[in-house]
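Chemist: For reference, this is my_file.txt, and it has compact mmCIF, C-alpha atoms.
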```txt
# COMPACT_ATOMS: atom_id res chain seq x y z
CA MET A 1373 64.13 105.71 98.55
CA ASN A 1374 61.54 107.28 100.88
CA ASN A 1375 63.44 105.97 103.91
CA MET A 1376 66.66 107.54 102.59
CA LYS A 1377 64.91 110.88 102.04
CA LYS A 1378 63.41 110.72 105.53
CA SER A 1379 66.84 109.95 107.01
CA ILE A 1380 68.46 112.90 105.21
CA ASN A 1381 65.71 115.27 106.34
CA GLU A 1382 66.12 114.08 109.92
CA GLU A 1383 69.88 114.62 109.77
CA PHE A 1384 69.35 118.09 108.36
CA ALA A 1385 66.85 118.89 111.12
CA ARG A 1386 69.34 117.75 113.78
CA PHE A 1387 72.07 119.90 112.25
CA PHE A 1388 69.80 122.93 111.82
CA GLU A 1389 68.56 122.72 115.42
CA ASN A 1390 72.02 122.10 116.85
CA PRO A 1391 74.78 122.96 114.35
CA SER A 1392 77.96 121.19 115.42
CA ARG A 1393 80.94 119.38 113.89
CA GLU A 1394 79.25 116.09 114.67
CA SER A 1395 75.84 116.91 113.19
CA LEU A 1396 77.45 118.42 110.07
CA ARG A 1397 79.64 115.34 109.72
CA GLU A 1398 76.58 113.07 109.69
CA LEU A 1399 74.78 115.30 107.19
CA LEU A 1400 77.77 115.33 104.81
CA LYS A 1401 78.44 111.62 105.26
CA ASN A 1402 74.95 110.46 104.29
CA ASN A 1403 73.63 113.15 101.98
CA ARG A 1404 72.93 112.32 98.33
CA GLY A 1405 71.67 115.62 96.96
CA GLU A 1406 70.26 119.07 97.56
CA PHE A 1407 66.76 119.68 98.89
CA PRO A 1408 64.61 122.78 99.54
CA ASN A 1409 66.06 123.80 102.91
CA CYS A 1410 69.70 123.04 102.15
CA ASP A 1411 71.95 124.23 99.34
CA PHE A 1412 75.53 123.02 98.77
CA LYS A 1413 78.23 125.10 97.07
CA GLU A 1414 81.79 124.12 96.19
CA LYS A 1415 83.03 127.65 96.86
CA TRP A 1416 81.60 131.05 97.70
CA PRO A 1417 79.57 132.37 94.74
CA ASP A 1418 79.02 136.07 94.02
CA LEU A 1419 77.45 137.82 96.97
CA ASP A 1420 74.32 138.86 95.07
CA LYS A 1421 73.72 135.17 94.31
CA ILE A 1422 74.18 134.33 98.00
CA ALA A 1423 71.68 137.08 98.83
CA ARG A 1424 69.15 135.57 96.40
CA HIS A 1425 69.43 132.18 98.10
CA LEU A 1426 69.07 133.79 101.53
CA LEU A 1427 65.88 135.53 100.41
CA GLY A 1428 64.53 132.28 98.99
CA MET A 1429 65.21 130.40 102.22
CA GLY A 1430 63.89 133.24 104.34
CA ASN A 1431 60.59 133.02 102.46
CA SER A 1432 60.52 129.20 102.60
CA GLY A 1433 60.84 128.26 106.23
CA GLY A 1434 64.55 128.93 106.73
CA GLY A 1435 67.50 126.76 105.77
CA CYS A 1436 71.24 126.76 105.22
CA ILE A 1437 73.95 127.02 102.58
CA ILE A 1438 76.91 124.71 103.10
CA LEU A 1439 80.14 125.90 101.45
CA GLY A 1440 82.84 123.43 100.50
CA VAL A 1441 80.76 120.68 98.91
CA ALA A 1442 81.32 119.83 95.22
CA GLU A 1443 79.21 117.84 92.80
CA GLU A 1444 81.06 114.98 91.14
CA ASN A 1445 79.45 112.28 88.98
CA ASN A 1446 75.99 113.50 90.05
CA GLN A 1447 76.90 113.05 93.70
CA LEU A 1448 77.92 115.54 96.36
CA TYR A 1449 81.48 115.34 97.62
CA PRO A 1450 82.75 117.20 100.73
CA LYS A 1451 85.78 118.80 99.11
CA GLY A 1452 86.34 121.56 101.66
CA LEU A 1453 87.12 125.21 101.05
CA ASP A 1454 90.55 126.31 99.86
CA THR A 1455 90.07 129.55 101.79
CA THR A 1456 87.36 130.62 104.20
CA GLN A 1457 85.75 134.03 103.96
CA ASP A 1458 85.66 136.66 106.68
CA LYS A 1459 82.14 136.67 108.12
CA SER A 1460 81.89 140.44 108.28
CA ASN A 1461 82.77 140.69 104.58
CA ILE A 1462 79.92 138.32 103.73
CA ILE A 1463 77.39 140.19 105.87
CA ASN A 1464 78.50 143.56 104.50
CA GLY A 1465 78.35 142.16 100.97
CA VAL A 1466 74.77 140.90 101.15
CA TYR A 1467 73.54 143.84 103.26
CA LYS A 1468 72.63 145.96 100.23
CA TYR A 1469 70.38 143.25 98.77
CA ILE A 1470 68.30 142.02 101.70
CA PRO A 1471 66.16 143.74 104.36
CA GLN A 1472 67.48 144.18 107.89
CA ASN A 1473 64.84 141.87 109.39
CA LEU A 1474 66.28 138.98 107.37
CA LEU A 1475 69.88 140.00 107.98
CA ASP A 1476 69.21 139.73 111.71
CA LYS A 1477 68.26 136.06 111.19
CA ILE A 1478 71.50 135.04 109.45
CA GLU A 1479 74.45 133.35 111.12
CA ILE A 1480 77.73 132.19 109.55
CA LEU A 1481 79.59 129.28 111.14
CA ASP A 1482 83.04 127.76 110.56
CA PHE A 1483 83.77 124.02 110.78
CA SER A 1484 87.20 122.40 110.63
CA TYR A 1485 88.03 118.68 110.78
CA ASN A 1486 91.53 117.88 111.99
CA ASP A 1487 90.38 114.40 112.84
CA SER A 1488 87.17 112.58 112.13
CA GLU A 1489 85.76 109.08 112.09
CA TYR A 1490 84.68 110.03 108.56
CA PRO A 1491 88.14 110.08 106.86
CA THR A 1492 86.92 112.11 103.87
CA LEU A 1493 86.59 115.18 106.10
CA ILE A 1494 90.04 115.12 107.69
CA GLY A 1495 91.98 118.34 107.09
CA LYS A 1496 89.03 120.12 105.45
CA ASN A 1497 87.24 123.36 106.26
CA PHE A 1498 83.61 124.27 105.65
CA GLN A 1499 81.45 127.32 106.21
CA VAL A 1500 77.71 127.32 106.73
CA VAL A 1501 75.21 130.14 106.39
CA LEU A 1502 72.14 129.53 108.56
CA VAL A 1503 68.85 131.33 107.88
CA GLU A 1504 66.37 131.29 110.76
CA PHE A 1505 62.69 131.34 109.80
CA ASP A 1506 60.90 134.58 110.70
CA PRO A 1507 57.26 134.41 109.51
CA GLU A 1508 56.30 137.66 111.23
CA HIS A 1509 58.20 139.72 108.64
CA LEU A 1510 57.29 137.84 105.46
CA PRO A 1511 57.68 138.36 102.59
CA PHE A 1512 61.36 139.22 102.31
CA ILE A 1513 61.95 141.28 99.19
CA ALA A 1514 65.17 142.08 97.30
CA ILE A 1515 66.02 145.73 97.92
CA ALA A 1516 68.77 146.19 95.31
CA GLN A 1517 69.64 145.08 91.78
CA GLY A 1518 72.56 142.80 90.92
CA ASN A 1519 73.70 140.46 88.17
CA ASN A 1520 72.03 137.53 89.92
CA ILE A 1521 69.19 139.26 91.74
CA LYS A 1522 66.32 141.55 90.72
CA ILE A 1523 65.24 144.51 92.79
CA ASN A 1524 61.73 144.18 94.31
CA ALA A 1525 61.66 140.45 93.49
CA ILE A 1526 60.34 137.85 95.93
CA TYR A 1527 62.25 134.58 95.83
CA THR A 1528 61.40 131.15 97.21
CA ARG A 1529 62.88 127.67 97.24
CA ARG A 1530 61.28 125.37 94.69
CA GLY A 1531 62.89 121.98 95.15
CA PRO A 1532 66.68 122.52 95.20
CA SER A 1533 66.44 125.82 93.26
CA THR A 1534 65.89 129.45 94.23
CA VAL A 1535 63.31 131.06 91.93
CA LYS A 1536 60.88 133.96 91.78
CA VAL A 1537 57.57 133.13 93.40
CA ASN A 1538 54.49 132.30 91.38
CA TYR A 1539 51.01 133.38 92.47
CA GLU A 1540 50.30 130.28 94.58
CA GLU A 1541 53.68 130.48 96.31
CA LEU A 1542 53.16 134.15 97.09
CA GLN A 1543 49.76 133.44 98.59
CA GLY A 1544 51.33 130.74 100.76
CA ILE A 1545 54.00 133.16 101.99
CA ILE A 1546 51.41 135.85 102.81
CA ASN A 1547 49.19 133.31 104.60
CA ARG A 1548 52.11 132.25 106.80
CA ARG A 1549 52.57 135.90 107.77
CA ILE A 1550 48.84 136.32 108.49
CA GLU A 1551 48.79 133.18 110.67
CA THR A 1552 51.30 134.78 113.06
CA GLY A 1553 48.83 137.55 113.90
CA TYR A 1554 51.79 139.92 113.92
CA SER A 1555 51.12 143.65 113.41
CA SER A 1556 54.20 145.71 112.68
CA GLN A 1557 54.84 149.42 113.10
CA HIS A 1558 54.87 149.54 109.29
CA GLU A 1559 51.22 148.43 109.22
CA MET A 1560 50.23 150.92 111.94
CA ASP A 1561 51.88 153.69 109.95
CA LEU A 1562 49.86 152.62 106.90
CA GLU A 1563 46.60 152.91 108.82
CA THR A 1564 47.56 156.40 109.94
CA HIS A 1565 48.33 157.46 106.36
CA ILE A 1566 44.97 156.17 105.17
CA GLN A 1567 43.13 158.06 107.90
CA GLN A 1568 44.99 161.25 106.97
CA LEU A 1569 44.10 160.73 103.30
CA LYS A 1570 40.42 160.45 104.23
CA ILE A 1571 40.62 163.77 106.09
CA LEU A 1572 42.21 165.45 103.06
CA TYR A 1573 39.50 164.11 100.76
CA ARG A 1574 36.83 165.46 103.10
CA GLN A 1575 38.37 168.92 102.71
CA ILE A 1576 38.05 168.64 98.93
CA ASP A 1577 34.48 167.32 99.23
CA GLU A 1578 33.49 170.34 101.29
CA PHE A 1579 35.08 172.71 98.77
CA ASN A 1580 33.29 171.01 95.84
CA ASN A 1581 29.93 170.70 97.61
CA PRO A 1582 27.34 171.84 95.01
CA PHE A 1583 24.92 172.82 97.78
CA ARG A 1584 27.19 175.50 99.23
CA ASN A 1585 25.52 178.87 98.90
CA LEU A 1586 26.95 181.49 96.57
CA ALA A 1587 28.07 183.73 99.42
CA ASP A 1588 30.27 180.96 100.85
CA VAL A 1589 31.82 180.28 97.44
CA LEU A 1590 32.61 183.96 96.85
CA SER A 1591 34.04 184.26 100.36
CA SER A 1592 36.21 181.21 99.73
CA PHE A 1593 37.69 182.75 96.57
CA GLN A 1594 38.36 186.05 98.33
CA LYS A 1595 40.23 184.27 101.15
CA GLY A 1596 42.46 182.32 98.80
CA GLY A 1597 40.19 179.29 98.63
CA MET A 1598 41.58 178.12 95.29
CA GLN A 1599 45.11 178.23 96.64
CA TYR A 1600 43.92 176.14 99.56
CA LYS A 1601 42.31 173.64 97.17
CA TYR A 1602 45.53 173.37 95.15
CA PHE A 1603 47.43 172.82 98.38
CA ILE A 1604 45.06 170.02 99.47
CA ASP A 1605 45.21 168.44 96.00
CA ASN A 1606 49.00 168.43 96.21
CA MET A 1607 48.91 166.90 99.69
CA ILE A 1608 46.54 164.17 98.49
CA GLU A 1609 48.89 163.18 95.67
CA LYS A 1610 51.87 163.06 98.03
CA LYS A 1611 49.93 161.02 100.58
CA LYS A 1612 48.83 158.55 97.87
CA LYS A 1613 52.47 158.04 96.86
CA ILE A 1614 53.42 157.34 100.48
CA ILE A 1615 50.63 154.76 100.75
CA GLU A 1616 51.75 153.09 97.52
CA ILE A 1617 55.24 152.73 98.98
CA GLU A 1618 53.84 151.36 102.26
CA LEU A 1619 51.79 148.78 100.41
CA ASP A 1620 54.78 147.94 98.19
CA VAL A 1621 52.34 147.38 95.34
CA ASP A 1622 55.02 146.74 92.75
CA ASN A 1623 56.66 144.09 94.91
CA LEU A 1624 53.56 141.96 95.21
CA THR A 1625 52.56 141.96 91.54
```
What do you get writing this file as structure tokens?
Modeler:
Amino acid sequence: MNNMKKSINEEFARFFENPSRESLRELLKNNRGEFPNCDFKEKWPDLDKIARHLLGMGNSGGGCIILGVAEENNQLYPKGLDTTQDKSNIINGVYKYIPQNLLDKIEILDFSYNDSEYPTLIGKNFQVVLVEFDPEHLPFIAIAQGNNIKINAIYTRRGPSTVKVNYEELQGIINRRIETGYSSQHEMDLETHIQQLKILYRQIDEFNNPFRNLADVLSSFQKGGMQYKYFIDNMIEKKKKIIEIELDVDNLT
């Protein structure tokens, strides 16, 4: 059993590294079931469901979805697709659900078998969605709501299923991002916002300083000091909201 699993994983790795008619043929010929990096579908599901799987694979080391494979008697059967989908329609359909960084790592390939040493494949068409692993931009988060996907959710592959992450899985995803040492413009913007917030708070601290002399306080009121304080208070609240968005607090809880 372990040797069979090892063989399947090796065949998947060969296909993933060099997707071709030959490597797909070997994967379909010898495969006995789904596993974390590879999902098989008989036909194209709803696009929001495809997007969910793409997010799960993007957060789990990459992978692929192979379209045209049915499950019969608890075994996978390369049935082929009745009709293939236009690649641009698929990309445009999942675009609303997944971030651009992940979309850039997706490729859709067509495979047709007019002849094959594996007779089961002859005359059949398959499509494959490849998801390249991109740890520098983890985690990938759903950016829209659908029937099969939740906005702000983080998905992963758990065995052959795509599910919402638990705490341990989320920590693993974040650690993989940290290990890359990658610092994005998003993170630099966050640091700038925090520095600006500190400056605003210092303005309020100076205004509320109990050791200011009475003459300074009276002068502040005469020059519209309270209006200035209200302005700074308003700016602080706006800046805090921006920082909350940058941190994506809701997405990581």
Chemist: Atom CA of Leu1572 of chain A and atom CA of Asp1605 of chain A, how far apart in Å?
Modeler: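 Taking atom CA of Asp1605 of chain A as the start and atom CA of Leu1572 of chain A as the end point, the length is 8.2 Å.
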Chemist: For Asn1409 of chain A, which residue out of A:Arg1393, A:Lys1477, A:Lys1468, A:Arg1529 is the nearest one, using all atoms listed in the file?
Modeler: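 For Asn1409 of chain A, the nearest of the given residues is A:Arg1529.
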Chemist: Quick one, how far is atom CA of Glu1383 of chain A from atom CA of Leu1448 of chain A?
Modeler: 15.7 Å
Chemist: Measuring between only C-alpha atoms, which one of A:Tyr1485, A:Tyr1490, A:Tyr1467, A:Phe1498 shows the shortest distance to Ile1438 of chain A?
Modeler: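 Closest to Ile1438 of chain A of all the choices is A:Phe1498.
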Chemist: Please compute the atom CA of Ala1514 of chain A-atom CA of Thr1456 of chain A distance, one decimal, in Å.
Modeler: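 Separation between atom CA of Ala1514 of chain A and atom CA of Thr1456 of chain A: 25.9 Å.
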Chemist: Out of A:Ile1608, A:Ile1480, A:Val1535, A:Leu1400, which residue has the shortest atom-to-atom distance to Lys1522 of chain A when counting only C-alpha atoms?
Modeler: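 Closest to Lys1522 of chain A, using only C-alpha atoms: A:Val1535.
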Chemist: Closest to Ile1494 of chain A among A:Lys1451, A:Arg1549, A:Lys1610, A:Arg1424, using only C-alpha atoms?
Modeler: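 Using only C-alpha atoms, Ile1494 of chain A sits closest to A:Lys1451.
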Chemist: Given the choices A:Ile1521, A:Ala1423, A:Ile1546, A:Ile1526, which gets closest to Val1501 of chain A if the distance is worked out from only C-alpha atoms?
Modeler: A:Ala1423
Chemist: Can you pull out every residue within 7 Å of Pro1408 of chain A, counting only C-alpha atoms, but drop anything in the same chain fewer than 5 positions away, and send it as a list in words?
Modeler: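 What passes the distance filter is Arg1529, Arg1530, Gly1531 and Pro1532 of chain A.
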Chemist: Smallest atom-to-atom distance to Ile1513 of chain A: which of A:Ile1550, A:Arg1386, A:Val1500, A:Leu1427, using all atoms listed in the file?
Modeler: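 For Ile1513 of chain A, the nearest of the candidates is A:Leu1427.
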Chemist: Neighbouring residues of Lys1496 of chain A were defined as those with any atom within 9 Å, considering only C-alpha atoms; residues of the same chain fewer than 3 positions away were excluded. Please report them as a list of chain:residue names.
Modeler: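 In the requested form, the answer reads A:Gly1440, A:Pro1450, A:Lys1451, A:Gly1452, A:Leu1453, A:Asp1454, A:Phe1483, A:Ser1484, A:Tyr1485, A:Asn1486, A:Thr1492, A:Leu1493.
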